[in-house]
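With compact mmCIF, C-alpha atoms and all ligand atoms inside, this is start15.txt:
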# COMPACT_ATOMS: atom_id res chain seq x y z
CA MET X 20 5.57 7.39 -30.77
CA LYS X 21 2.62 9.25 -29.23
CA THR X 22 3.30 11.25 -26.07
CA TYR X 23 0.36 11.15 -23.66
CA HIS X 24 -0.39 14.37 -21.79
CA GLY X 25 -1.47 14.38 -18.17
CA GLY X 26 -3.30 16.87 -15.98
CA ILE X 27 -3.11 16.81 -12.20
CA ILE X 28 -6.10 17.57 -9.98
CA GLY X 29 -4.80 18.36 -6.52
CA TYR X 30 -1.30 19.81 -6.92
CA GLY X 31 -0.22 19.29 -3.31
CA GLY X 32 2.56 17.10 -1.97
CA MET X 33 1.76 14.02 -4.00
CA GLY X 34 0.50 15.79 -7.12
CA ALA X 35 3.81 17.64 -7.35
CA ALA X 36 5.74 14.42 -6.61
CA HIS X 37 4.10 12.70 -9.61
CA HIS X 38 5.07 15.65 -11.76
CA LYS X 39 8.60 16.10 -10.54
CA SER X 40 9.97 12.72 -9.59
CA ILE X 41 7.72 9.70 -10.09
CA ASN X 42 6.96 10.13 -13.76
CA GLN X 43 10.13 9.24 -15.67
CA SER X 44 8.54 8.12 -18.89
CA GLN X 45 9.34 9.83 -22.21
CA ALA X 46 5.99 8.74 -23.57
CA PHE X 47 4.01 10.46 -20.80
CA LYS X 48 4.30 14.03 -19.65
CA TYR X 49 2.33 16.17 -17.20
CA VAL X 50 1.36 19.47 -18.80
CA ALA X 51 -1.27 21.00 -16.53
CA ALA X 52 -2.73 21.15 -13.05
CA PHE X 53 -5.77 22.34 -11.19
CA ASP X 54 -5.86 22.94 -7.44
CA THR X 55 -8.54 24.70 -5.40
CA ASN X 56 -5.75 26.56 -3.61
CA GLU X 57 -4.43 29.52 -5.60
CA ALA X 58 -0.96 29.27 -4.07
CA ARG X 59 -0.67 25.71 -5.33
CA ARG X 60 -1.79 26.78 -8.82
CA LYS X 61 1.01 29.36 -8.71
CA THR X 62 3.49 26.64 -7.67
CA ALA X 63 2.31 24.53 -10.62
CA ILE X 64 3.03 27.44 -12.97
CA ASP X 65 6.44 27.98 -11.35
CA ASN X 66 7.12 24.29 -11.97
CA GLY X 67 6.38 24.66 -15.67
CA LEU X 68 2.75 23.51 -15.85
CA LYS X 69 -0.29 25.28 -17.23
CA ALA X 70 -2.67 25.99 -14.33
CA TYR X 71 -6.40 25.88 -14.96
CA ALA X 72 -8.75 28.10 -12.97
CA SER X 73 -11.36 25.35 -12.63
CA GLN X 74 -11.67 21.58 -12.83
CA GLU X 75 -14.31 21.95 -15.57
CA GLN X 76 -11.98 23.98 -17.79
CA MET X 77 -9.22 21.44 -17.39
CA LEU X 78 -11.51 18.49 -18.13
CA ALA X 79 -12.79 20.29 -21.25
CA SER X 80 -9.25 20.61 -22.65
CA LYS X 81 -8.54 18.48 -25.72
CA ASP X 82 -4.82 18.59 -24.87
CA ILE X 83 -5.12 16.30 -21.86
CA ASP X 84 -5.41 12.51 -22.17
CA VAL X 85 -4.98 11.40 -18.55
CA ILE X 86 -6.06 12.90 -15.24
CA LEU X 87 -4.20 12.18 -12.02
CA VAL X 88 -6.52 12.51 -9.01
CA ALA X 89 -4.30 13.64 -6.11
CA ALA X 90 -6.75 15.66 -4.00
CA PRO X 91 -7.63 14.50 -0.45
CA ASN X 92 -9.31 11.09 -0.24
CA ASN X 93 -12.95 12.22 0.08
CA PHE X 94 -12.79 13.94 -3.33
CA HIS X 95 -11.43 10.97 -5.29
CA LYS X 96 -14.76 9.52 -6.38
CA ASP X 97 -16.36 12.71 -7.70
CA ILE X 98 -13.22 13.99 -9.44
CA ALA X 99 -12.46 10.62 -11.04
CA ILE X 100 -16.01 10.16 -12.30
CA ALA X 101 -16.14 13.71 -13.69
CA ALA X 102 -12.83 13.10 -15.48
CA MET X 103 -13.96 9.77 -16.95
CA ASN X 104 -17.29 11.28 -18.05
CA ALA X 105 -15.20 13.91 -19.86
CA GLY X 106 -13.48 11.04 -21.71
CA LYS X 107 -10.20 11.15 -19.77
CA HIS X 108 -8.22 8.17 -18.58
CA VAL X 109 -7.66 8.29 -14.83
CA ILE X 110 -4.89 7.48 -12.39
CA CYS X 111 -6.34 7.77 -8.90
CA GLU X 112 -4.18 8.16 -5.84
CA LYS X 113 -4.72 5.73 -3.00
CA PRO X 114 -7.00 5.05 -1.22
CA VAL X 115 -9.02 4.84 -4.40
CA ALA X 116 -12.24 5.66 -2.50
CA LEU X 117 -13.71 5.63 0.97
CA ASN X 118 -15.57 2.33 0.49
CA SER X 119 -16.53 -0.34 -2.04
CA GLU X 120 -19.78 1.39 -3.00
CA GLU X 121 -17.90 4.47 -4.13
CA LEU X 122 -15.38 2.30 -5.95
CA GLU X 123 -18.11 0.47 -7.88
CA GLU X 124 -19.44 3.82 -9.13
CA MET X 125 -15.95 4.70 -10.34
CA LEU X 126 -15.45 1.35 -12.08
CA LYS X 127 -18.87 1.73 -13.74
CA ALA X 128 -17.83 5.15 -15.09
CA ALA X 129 -14.61 3.60 -16.45
CA ASP X 130 -16.58 0.83 -18.22
CA GLU X 131 -19.24 3.14 -19.61
CA ASN X 132 -16.73 5.66 -20.94
CA HIS X 133 -14.28 3.01 -22.22
CA VAL X 134 -11.36 4.68 -20.49
CA VAL X 135 -8.41 3.33 -18.54
CA PHE X 136 -8.76 3.60 -14.79
CA THR X 137 -6.11 2.56 -12.30
CA VAL X 138 -4.81 3.31 -8.82
CA HIS X 139 -1.32 4.40 -7.84
CA GLN X 140 -0.36 1.41 -5.68
CA ASN X 141 3.28 2.42 -5.96
CA ARG X 142 4.45 0.52 -2.88
CA ARG X 143 4.33 -2.67 -4.93
CA LEU X 144 7.65 -1.36 -6.23
CA ASP X 145 9.27 -0.78 -2.82
CA LYS X 146 12.59 -2.53 -2.34
CA ASP X 147 11.74 -4.02 1.07
CA TYR X 148 8.56 -5.52 -0.33
CA GLN X 149 10.27 -6.86 -3.45
CA ILE X 150 12.83 -8.59 -1.21
CA VAL X 151 10.08 -10.33 0.76
CA CYS X 152 8.36 -11.37 -2.48
CA LYS X 153 11.60 -12.81 -3.84
CA ALA X 154 12.38 -14.76 -0.65
CA TYR X 155 8.83 -16.14 -0.79
CA GLN X 156 8.96 -17.02 -4.48
CA GLU X 157 12.38 -18.68 -4.15
CA GLY X 158 11.01 -20.87 -1.34
CA THR X 159 13.88 -19.90 0.99
CA LEU X 160 11.57 -19.87 4.00
CA GLY X 161 9.53 -22.96 3.08
CA GLU X 162 5.78 -22.95 3.58
CA LEU X 163 4.79 -19.59 5.09
CA PHE X 164 2.56 -19.44 8.13
CA ARG X 165 3.02 -15.86 9.38
CA VAL X 166 3.72 -12.50 7.75
CA GLU X 167 4.00 -9.30 9.77
CA SER X 168 4.20 -5.99 7.92
CA ARG X 169 4.62 -2.80 9.92
CA ALA X 170 5.21 0.87 9.42
CA GLN X 171 5.75 2.89 12.56
CA GLY X 172 6.66 6.39 13.62
CA SER X 173 6.33 8.49 16.75
CA ARG X 174 5.21 11.94 15.58
CA GLY X 175 1.46 11.31 15.67
CA ILE X 176 -0.67 11.82 12.58
CA ALA X 177 0.28 14.71 10.27
CA ASP X 178 -1.59 17.93 11.07
CA THR X 179 -3.44 18.21 7.73
CA TRP X 180 -6.71 16.86 6.32
CA ARG X 181 -5.27 13.46 7.31
CA ARG X 182 -6.61 14.13 10.83
CA ARG X 183 -10.13 14.79 9.50
CA LYS X 184 -12.72 12.03 9.23
CA ASP X 185 -14.76 13.89 6.57
CA TYR X 186 -11.66 14.04 4.36
CA GLY X 187 -11.02 10.29 4.68
CA GLY X 188 -8.16 10.77 7.13
CA GLY X 189 -6.67 8.15 9.43
CA MET X 190 -3.94 5.60 9.04
CA LEU X 191 -5.95 2.68 7.64
CA TYR X 192 -6.83 4.76 4.58
CA ASP X 193 -3.42 6.38 4.47
CA TRP X 194 -1.02 3.46 4.96
CA GLY X 195 -3.30 0.45 5.42
CA VAL X 196 -4.25 0.38 1.75
CA HIS X 197 -0.57 0.19 0.73
CA LEU X 198 0.33 -2.62 3.09
CA VAL X 199 -2.86 -4.60 2.40
CA ASP X 200 -2.30 -4.25 -1.35
CA GLN X 201 1.25 -5.59 -0.92
CA LEU X 202 0.05 -8.65 1.02
CA LEU X 203 -2.74 -9.46 -1.42
CA TRP X 204 -0.39 -9.10 -4.38
CA MET X 205 2.09 -11.52 -2.80
CA ILE X 206 0.01 -14.17 -1.05
CA PRO X 207 -2.14 -16.46 -3.18
CA GLY X 208 -5.44 -17.72 -1.82
CA SER X 209 -8.54 -16.21 -0.29
CA ILE X 210 -8.91 -14.24 2.91
CA THR X 211 -11.21 -16.06 5.30
CA SER X 212 -11.32 -13.61 8.19
CA VAL X 213 -10.55 -9.98 8.99
CA TYR X 214 -10.00 -8.52 12.45
CA CYS X 215 -8.92 -4.96 13.14
CA GLU X 216 -8.28 -3.00 16.33
CA PHE X 217 -8.03 0.78 16.03
CA GLN X 218 -6.57 3.25 18.50
CA TYR X 219 -6.99 7.00 18.79
CA LEU X 220 -4.00 8.02 20.87
CA THR X 221 -3.31 11.58 19.75
CA GLN X 222 -6.84 12.75 18.90
CA ASN X 223 -10.38 11.29 18.75
CA GLU X 224 -11.36 11.77 15.14
CA VAL X 225 -9.40 9.27 13.06
CA ASP X 226 -7.35 6.15 13.75
CA ASP X 227 -3.68 6.91 14.34
CA ASN X 228 -2.79 3.29 15.16
CA PHE X 229 -4.24 -0.02 14.03
CA ARG X 230 -3.53 -3.75 14.02
CA LEU X 231 -5.20 -5.68 11.22
CA THR X 232 -5.13 -9.47 11.08
CA LEU X 233 -5.96 -11.29 7.86
CA ASN X 234 -6.25 -15.07 7.78
CA PHE X 235 -5.85 -16.83 4.43
CA ASP X 236 -7.31 -20.18 3.39
CA ASN X 237 -3.76 -21.49 2.83
CA GLY X 238 -3.01 -21.19 6.56
CA ILE X 239 -1.07 -17.92 6.40
CA SER X 240 -1.89 -15.41 9.12
CA ALA X 241 -0.89 -11.87 8.18
CA LEU X 242 -0.60 -8.85 10.44
CA VAL X 243 -0.58 -5.28 9.19
CA GLU X 244 0.26 -2.78 11.89
CA ILE X 245 0.62 0.97 11.68
CA GLY X 246 1.71 3.04 14.65
CA THR X 247 2.31 6.73 15.11
CA GLN X 248 3.39 6.59 18.77
CA ASN X 249 6.25 4.10 18.52
CA PHE X 250 9.46 5.59 19.88
CA LEU X 251 11.18 2.27 19.30
CA MET X 252 10.11 0.41 16.19
CA LEU X 253 9.44 -3.23 15.47
CA PRO X 254 10.88 -4.61 12.20
CA ARG X 255 9.37 -3.48 8.90
CA TRP X 256 8.90 -7.18 7.95
CA TYR X 257 8.93 -10.38 10.01
CA VAL X 258 8.14 -13.43 7.89
CA CYS X 259 7.98 -17.00 9.18
CA GLY X 260 8.04 -20.17 7.13
CA LYS X 261 8.49 -23.77 8.21
CA LYS X 262 12.11 -23.73 6.89
CA GLY X 263 13.19 -20.29 8.06
CA THR X 264 12.49 -16.76 9.25
CA ALA X 265 13.24 -13.49 7.46
CA GLN X 266 13.44 -10.06 8.99
CA ILE X 267 13.81 -6.67 7.35
CA ASP X 268 14.60 -4.13 10.02
CA TYR X 269 13.72 -0.85 8.40
CA TRP X 270 13.37 0.96 5.05
CA ASP X 271 17.13 0.73 4.47
CA CYS X 272 16.49 -3.01 3.98
CA ASN X 273 19.04 -4.33 6.45
CA GLY X 274 18.14 -7.66 7.95
CA GLY X 275 18.63 -11.31 7.14
CA ILE X 276 17.31 -14.83 7.00
CA ILE X 277 17.90 -17.74 9.35
CA GLN X 278 17.22 -21.05 7.67
CA LYS X 279 17.20 -24.39 9.44
CA ARG X 280 19.57 -27.17 8.37
CA ASP X 281 18.38 -30.71 7.99
CA VAL X 282 19.92 -31.74 11.33
CA GLU X 283 18.17 -33.56 14.17
CA ILE X 284 17.80 -31.54 17.37
CA LYS X 285 19.31 -33.32 20.36
CA TRP X 286 16.95 -32.90 23.31
CA GLU X 287 18.73 -32.80 26.66
CA ASP X 288 17.89 -35.17 29.55
CA GLU X 289 18.34 -32.37 32.07
CA ILE X 290 16.46 -29.10 31.56
CA PRO X 291 19.11 -26.59 30.37
CA ASN X 292 19.33 -23.55 32.60
CA SER X 293 20.59 -20.67 30.48
CA ILE X 294 20.18 -16.91 30.55
CA MET X 295 16.46 -17.44 29.85
CA GLY X 296 15.99 -19.71 32.82
CA PRO X 297 15.06 -23.40 32.72
CA SER X 298 13.39 -24.42 29.45
CA ARG X 299 13.94 -27.14 26.85
CA THR X 300 11.53 -25.87 24.19
CA LEU X 301 12.63 -22.27 23.80
CA GLN X 302 16.39 -22.62 24.21
CA PRO X 303 18.15 -21.17 21.16
CA ARG X 304 19.16 -23.67 18.46
CA GLY X 305 22.77 -24.72 18.15
CA GLU X 306 24.64 -22.84 15.40
CA ASP X 307 25.29 -26.20 13.69
CA THR X 308 21.54 -26.56 13.00
CA ILE X 309 21.02 -23.26 11.16
CA ARG X 310 22.28 -21.19 8.23
CA HIS X 311 22.56 -17.37 8.20
CA LEU X 312 21.56 -16.10 4.76
CA SER X 313 21.61 -12.63 3.26
CA LEU X 314 18.36 -11.15 2.05
CA PRO X 315 17.91 -11.66 -1.71
CA GLN X 316 19.06 -8.92 -4.07
CA VAL X 317 16.39 -7.16 -6.09
CA ASN X 318 16.38 -4.55 -8.84
CA VAL X 319 13.57 -2.09 -8.41
CA ASP X 320 12.28 -0.25 -11.45
CA ASN X 321 10.36 2.86 -10.42
CA THR X 322 9.31 3.57 -13.99
CA THR X 323 7.09 0.45 -13.99
CA PHE X 324 3.83 2.24 -13.15
CA TYR X 325 3.93 4.91 -15.86
CA ASN X 326 5.54 2.65 -18.48
CA ASN X 327 2.72 0.20 -17.92
CA LEU X 328 0.13 2.96 -18.22
CA VAL X 329 1.53 3.96 -21.60
CA ASP X 330 1.58 0.32 -22.74
CA VAL X 331 -2.05 -0.04 -21.64
CA LEU X 332 -3.04 3.16 -23.46
CA ASN X 333 -1.32 1.78 -26.56
CA GLY X 334 -3.29 -1.45 -26.19
CA GLN X 335 -0.11 -3.45 -25.55
CA SER X 336 -0.50 -4.58 -21.95
CA GLU X 337 -2.82 -5.34 -19.07
CA LEU X 338 -2.94 -2.91 -16.16
CA PHE X 339 -0.21 -3.22 -13.52
CA VAL X 340 -2.89 -2.41 -10.90
CA LYS X 341 -6.02 -4.23 -12.04
CA HIS X 342 -9.65 -3.53 -11.19
CA GLU X 343 -10.14 -6.86 -9.40
CA GLU X 344 -7.08 -6.14 -7.23
CA ILE X 345 -8.37 -2.65 -6.40
CA ARG X 346 -11.77 -4.15 -5.48
CA ARG X 347 -10.18 -6.72 -3.17
CA VAL X 348 -8.16 -4.16 -1.23
CA MET X 349 -11.20 -1.92 -0.79
CA LYS X 350 -13.29 -4.87 0.43
CA VAL X 351 -10.65 -5.66 3.08
CA ILE X 352 -10.66 -2.00 4.17
CA ASP X 353 -14.48 -2.07 4.45
CA LEU X 354 -14.34 -5.21 6.60
CA ALA X 355 -11.51 -3.83 8.74
CA PHE X 356 -13.66 -0.80 9.61
CA GLU X 357 -16.65 -3.09 10.25
CA SER X 358 -14.53 -5.30 12.51
CA GLY X 359 -13.29 -2.26 14.44
CA ARG X 360 -16.82 -0.94 14.90
CA LYS X 361 -18.26 -4.28 16.00
CA LYS X 362 -15.10 -5.40 17.83
CA GLU X 363 -15.55 -8.76 16.10
CA ILE X 364 -13.73 -11.09 13.75
CA ILE X 365 -15.49 -10.86 10.37
CA LYS X 366 -15.63 -14.13 8.44
CA CYS X 367 -15.41 -13.69 4.70
CA ARG X 368 -14.11 -15.08 1.41
CA ILE X 369 -12.23 -12.38 -0.47
N1 LIG N 1 0.89 6.78 -3.27
C1 LIG N 1 1.55 7.39 -2.30
O1 LIG N 1 2.62 6.97 -1.90
C2 LIG N 1 0.96 8.63 -1.69
C3 LIG N 1 1.74 9.42 -0.84
C4 LIG N 1 1.15 10.59 -0.32
C5 LIG N 1 -0.17 10.92 -0.63
N2 LIG N 1 -0.88 10.08 -1.43
C6 LIG N 1 -2.29 10.40 -1.75
O2 LIG N 1 -2.31 11.56 -2.56
C7 LIG N 1 -3.49 12.33 -2.26
C8 LIG N 1 -3.06 13.74 -1.87
O3 LIG N 1 -2.26 13.68 -0.72
P1 LIG N 1 -1.17 14.83 -0.41
O4 LIG N 1 -0.29 14.30 0.64
O5 LIG N 1 -0.58 15.29 -1.68
O6 LIG N 1 -2.11 15.94 0.20
P2 LIG N 1 -1.85 17.51 0.15
O7 LIG N 1 -2.72 18.09 1.19
O8 LIG N 1 -0.38 17.79 0.17
O9 LIG N 1 -2.38 17.95 -1.30
C9 LIG N 1 -3.72 17.91 -1.66
C10 LIG N 1 -3.97 19.08 -2.60
O10 LIG N 1 -5.29 18.97 -3.11
C11 LIG N 1 -5.86 20.29 -3.14
N3 LIG N 1 -7.30 20.13 -3.15
C12 LIG N 1 -8.15 19.94 -2.11
N4 LIG N 1 -9.39 19.74 -2.56
C13 LIG N 1 -9.33 19.81 -3.91
C14 LIG N 1 -10.30 19.67 -4.93
N5 LIG N 1 -11.59 19.40 -4.65
N6 LIG N 1 -9.90 19.81 -6.20
C15 LIG N 1 -8.61 20.10 -6.51
N7 LIG N 1 -7.65 20.23 -5.58
C16 LIG N 1 -8.01 20.06 -4.28
C17 LIG N 1 -5.29 20.99 -1.92
O11 LIG N 1 -5.35 22.38 -2.05
C18 LIG N 1 -3.85 20.45 -1.91
O12 LIG N 1 -2.97 21.28 -2.63
C19 LIG N 1 -4.20 11.58 -1.14
O13 LIG N 1 -5.21 10.79 -1.68
C20 LIG N 1 -3.12 10.73 -0.53
O14 LIG N 1 -3.62 9.55 0.06
C21 LIG N 1 -0.34 8.98 -1.98
Show me, as structure tokens, the structure contained in the file I just sent.
Amino acid sequence: MKTYHGGIIGYGGMGAAHHKSINQSQAFKYVAAFDTNEARRKTAIDNGLKAYASQEQMLASKDIDVILVAAPNNFHKDIAIAAMNAGKHVICEKPVALNSEELEEMLKAADENHVVFTVHQNRRLDKDYQIVCKAYQEGTLGELFRVESRAQGSRGIADTWRRRKDYGGGMLYDWGVHLVDQLLWMIPGSITSVYCEFQYLTQNEVDDNFRLTLNFDNGISALVEIGTQNFLMLPRWYVCGKKGTAQIDYWDCNGGIIQKRDVEIKWEDEIPNSIMGPSRTLQPRGEDTIRHLSLPQVNVDNTTFYNNLVDVLNGQSELFVKHEEIRRVMKVIDLAFESGRKKEIIKCRI
């Protein structure tokens, strides 16, 4: 069995994470790195990699089959294209690029050089997300009409290039692409409108909070919200179907499902006056009309991404993260920025 050799461009937090913990495959091994920062090249050597003094030298090496692009976001396009023009296959970190125009240039380079090109959309393998997918696929909630996906913290945006606009900083690029990719991978149908509100609460340069609404042609309205000033957090997932509601509280995947039983509601003659005051409509249901269910069990396989890459390189599989899927996510990101700029709902068919 051939072992594919990888080289990492940008040996920072994520570059090192690919090397040390994400890549579990026997058929794929990282052997080298290049980073513009000398200290990071030294760390790569300490971690057992060969460090190249320049990107050009690394791309010229015959010993490297695949390049991982893990530099800051604004460099992705140029590094990926240079690598593909040197005949290397490419894994690009997310966000693949800063906009769809850049992405098209990258996909063209992949086609012209007949190399494999994919994006590390690793959060497709997150347990919380897999649970939501399973509940959806099993029909436990009935026909979905609302999906809310949130990731929140309270420390502001990390004090790195992530605060810089010219580096492609901001939370839509950083986390939005993950959560949008998850929704598009789960929900069938086309997106018919995009609306996004951005906030700049801790600085003025890049978005540190946003709320993105996507409406689908099947009637599902999806909300993606990222916050960095949330001292109390809303649930990671809140998913509503006509038969039930699921909630996942946080990354530890606690939560549950309430499903309705096929029992007629008895509407009172007198308006009930409970703790919530007088209301018929919003009184809680009787316990006899609902079921409390556990969230479905899932087995998450973190080796999926690299195992798939090897299978693709061996001509035995389609990509786990496909070009059309990458294009769709980028298009949504483009429209979200446009919506934020214009303060308008953008109609579309994506
Ligand atoms: N998929 C995920 O879950 C995930 C998680 C974190 C980061 N990321 C992505 O990984 C990429 C890197 O993020 P990070 O958190 O590791 O950032 P980081 O700042 O920790 O590391 C970036 C590294 O790139 C180096 N660098 C900068 N410009 C370079 C260039 N032109 N050529 C070579 N090296 C260069 C820097 O010196 C630094 O060591 C980003 O695109 C980010 O969005 C993905």
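Take the candidates X:Cys367, X:Val115, X:Leu163, X:Ile352 and check each one against ligand LIG 1 (chain N) using all atoms listed in the file; the shortest distance goes to X:Val115.
Between atom CA of Thr322 of chain X and atom CA of Gly31 of chain X the separation is 21.3 Å.
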*atom P1 of ligand LIG 1 (chain N) to atom CA of His133 of chain X: how many Å, to one decimal?*
28.1 Å
*Name all residues at most 6 Å from segment 188-204 of chain X (count all atoms listed in the file; drop same-chain ones fewer than 2 positions away) and give them as a ChimeraX atom specification.*
/X:114,143,181-184,186,206,225-227,348
With C-alpha atoms kept, could you save the residues just selected as a JSON list (two decimals), in the frame of the given file?
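After the write, selection04.json holds the following:
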[["chain", "number", "residue", "atom", "x", "y", "z"],
["X", 114, "PRO", "CA", -7.00, 5.05, -1.22],
["X", 143, "ARG", "CA", 4.33, -2.67, -4.93],
["X", 181, "ARG", "CA", -5.27, 13.46, 7.31],
["X", 182, "ARG", "CA", -6.61, 14.13, 10.83],
["X", 183, "ARG", "CA", -10.13, 14.79, 9.50],
["X", 184, "LYS", "CA", -12.72, 12.03, 9.23],
["X", 186, "TYR", "CA", -11.66, 14.04, 4.36],
["X", 206, "ILE", "CA", 0.01, -14.17, -1.05],
["X", 225, "VAL", "CA", -9.40, 9.27, 13.06],
["X", 226, "ASP", "CA", -7.35, 6.15, 13.75],
["X", 227, "ASP", "CA", -3.68, 6.91, 14.34],
["X", 348, "VAL", "CA", -8.16, -4.16, -1.23]]
_Residues within 12 Å of Asn326 of chain X, only C-alpha atoms, excluding chain neighbours under 4 positions, as a ChimeraX atom specification_ = /X:22-23,41-48,320-322,330-333,335-339
*Write out as a list in words each polymer residue whose atoms come within 12 Å of Ile276 of chain X, counting all atoms listed in the file; drop sequence neighbours fewer than 6 positions from it.*
Ile150, Val151, Ala154, Tyr155, Thr159, Leu160, Gly161, Trp256, Tyr257, Val258, Cys259, Gly260, Lys262, Gly263, Thr264, Ala265, Gln266, Ile267, Asp268, Ile309, Arg310, His311, Leu312, Ser313, Leu314 and Pro315 of chain X
*Considering only C-alpha atoms and all ligand atoms, state which residue in the set X:Ala89, X:Ala70, X:Ile64, X:Ala52 is at the smallest distance from ligand LIG 1 (chain N).*
X:Ala89
*Cut-off 7 Å, all atoms listed in the file, neighbours of ligand LIG 1 (chain N) as number ranges by chain*: X: 28-34, 53-56, 59, 89-92, 94, 112-114, 139-142, 179-180, 193
*Which residue out of X:Ile369, X:Val317, X:Cys111, X:His38 has the minimum interatomic distance to Arg347 of chain X when all atoms listed in the file are used?*
X:Ile369
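Taking atom CA of Cys215 of chain X and atom CA of Gly238 of chain X as endpoints, the distance between them is 18.5 Å.
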*Please identify all polymer residues within 7 Å of segment 170-176 of chain X, counting only C-alpha atoms, omitting same-chain residues fewer than 2 positions from it, and present them as a list in words.*
Asp178, Arg182, Thr221, Asp227, Glu244, Ile245, Gly246, Thr247, Gln248, Asn249, Phe250, Met252 and Arg255 of chain X
*Extract, using all atoms listed in the file, all DNA, RNA and protein residues at most 9 Å from Ile364 of chain X, discarding same-chain residues fewer than 4 positions from it, and format them as a list in words.*
Ser212, Val213, Tyr214, Cys215, Ser358 and Gly359 of chain X
Around the point (-12.1, 1.4, -12.5) (coordinates from the file), which residues reach within 10 Å if we count all atoms listed in the file? Answer as a compact mmCIF listing (two decimals) with C-alpha atoms, keeping the file's coordinate frame.
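Output file selection_13.txt follows:
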# COMPACT_ATOMS: atom_id res chain seq x y z
CA ALA X 99 -12.46 10.62 -11.04
CA ILE X 100 -16.01 10.16 -12.30
CA MET X 103 -13.96 9.77 -16.95
CA HIS X 108 -8.22 8.17 -18.58
CA VAL X 109 -7.66 8.29 -14.83
CA ILE X 110 -4.89 7.48 -12.39
CA CYS X 111 -6.34 7.77 -8.90
CA VAL X 115 -9.02 4.84 -4.40
CA LEU X 122 -15.38 2.30 -5.95
CA GLU X 123 -18.11 0.47 -7.88
CA GLU X 124 -19.44 3.82 -9.13
CA MET X 125 -15.95 4.70 -10.34
CA LEU X 126 -15.45 1.35 -12.08
CA LYS X 127 -18.87 1.73 -13.74
CA ALA X 128 -17.83 5.15 -15.09
CA ALA X 129 -14.61 3.60 -16.45
CA ASP X 130 -16.58 0.83 -18.22
CA VAL X 134 -11.36 4.68 -20.49
CA VAL X 135 -8.41 3.33 -18.54
CA PHE X 136 -8.76 3.60 -14.79
CA THR X 137 -6.11 2.56 -12.30
CA VAL X 138 -4.81 3.31 -8.82
CA LYS X 341 -6.02 -4.23 -12.04
CA HIS X 342 -9.65 -3.53 -11.19
CA GLU X 343 -10.14 -6.86 -9.40
CA ILE X 345 -8.37 -2.65 -6.40
CA ARG X 346 -11.77 -4.15 -5.48
*Given the choices X:Lys153, X:Lys61, X:Trp286, X:Gly25, which gets closest to Lys81 of chain X if the distance is worked out from only C-alpha atoms?*
X:Gly25
Mind completing segment 211-223 of chain X with N, CA and C atoms? Output as a short mmCIF file (atom, residue, chain, number, x, y, z; two decimals), keeping the file's coordinate frame, please?
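Output file selection21.cif is given in full below:
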data_model
loop_
_atom_site.label_atom_id
_atom_site.label_comp_id
_atom_site.auth_asym_id
_atom_site.auth_seq_id
_atom_site.Cartn_x
_atom_site.Cartn_y
_atom_site.Cartn_z
N THR X 211 -10.04 -15.44 4.66
CA THR X 211 -11.21 -16.06 5.30
C THR X 211 -11.68 -15.31 6.53
N SER X 212 -10.84 -14.44 7.08
CA SER X 212 -11.32 -13.61 8.19
C SER X 212 -10.49 -12.33 8.31
N VAL X 213 -11.17 -11.30 8.82
CA VAL X 213 -10.55 -9.98 8.99
C VAL X 213 -10.85 -9.52 10.41
N TYR X 214 -9.80 -9.07 11.10
CA TYR X 214 -10.00 -8.52 12.45
C TYR X 214 -9.14 -7.28 12.58
N CYS X 215 -9.71 -6.19 13.04
CA CYS X 215 -8.92 -4.96 13.14
C CYS X 215 -9.23 -4.22 14.45
N GLU X 216 -8.16 -3.84 15.12
CA GLU X 216 -8.28 -3.00 16.33
C GLU X 216 -7.71 -1.63 16.00
N PHE X 217 -8.48 -0.60 16.28
CA PHE X 217 -8.03 0.78 16.03
C PHE X 217 -7.74 1.46 17.36
N GLN X 218 -6.80 2.40 17.32
CA GLN X 218 -6.57 3.25 18.50
C GLN X 218 -6.54 4.71 18.07
N TYR X 219 -6.90 5.55 19.02
CA TYR X 219 -6.99 7.00 18.79
C TYR X 219 -6.18 7.65 19.90
N LEU X 220 -4.87 7.65 19.75
CA LEU X 220 -4.00 8.02 20.87
C LEU X 220 -3.69 9.51 20.92
N THR X 221 -3.71 10.18 19.77
CA THR X 221 -3.31 11.58 19.75
C THR X 221 -4.49 12.52 19.53
N GLN X 222 -5.61 11.98 19.09
CA GLN X 222 -6.84 12.75 18.90
C GLN X 222 -7.98 11.73 18.78
N ASN X 223 -9.24 12.23 18.71
CA ASN X 223 -10.38 11.29 18.75
C ASN X 223 -11.02 11.06 17.40
#
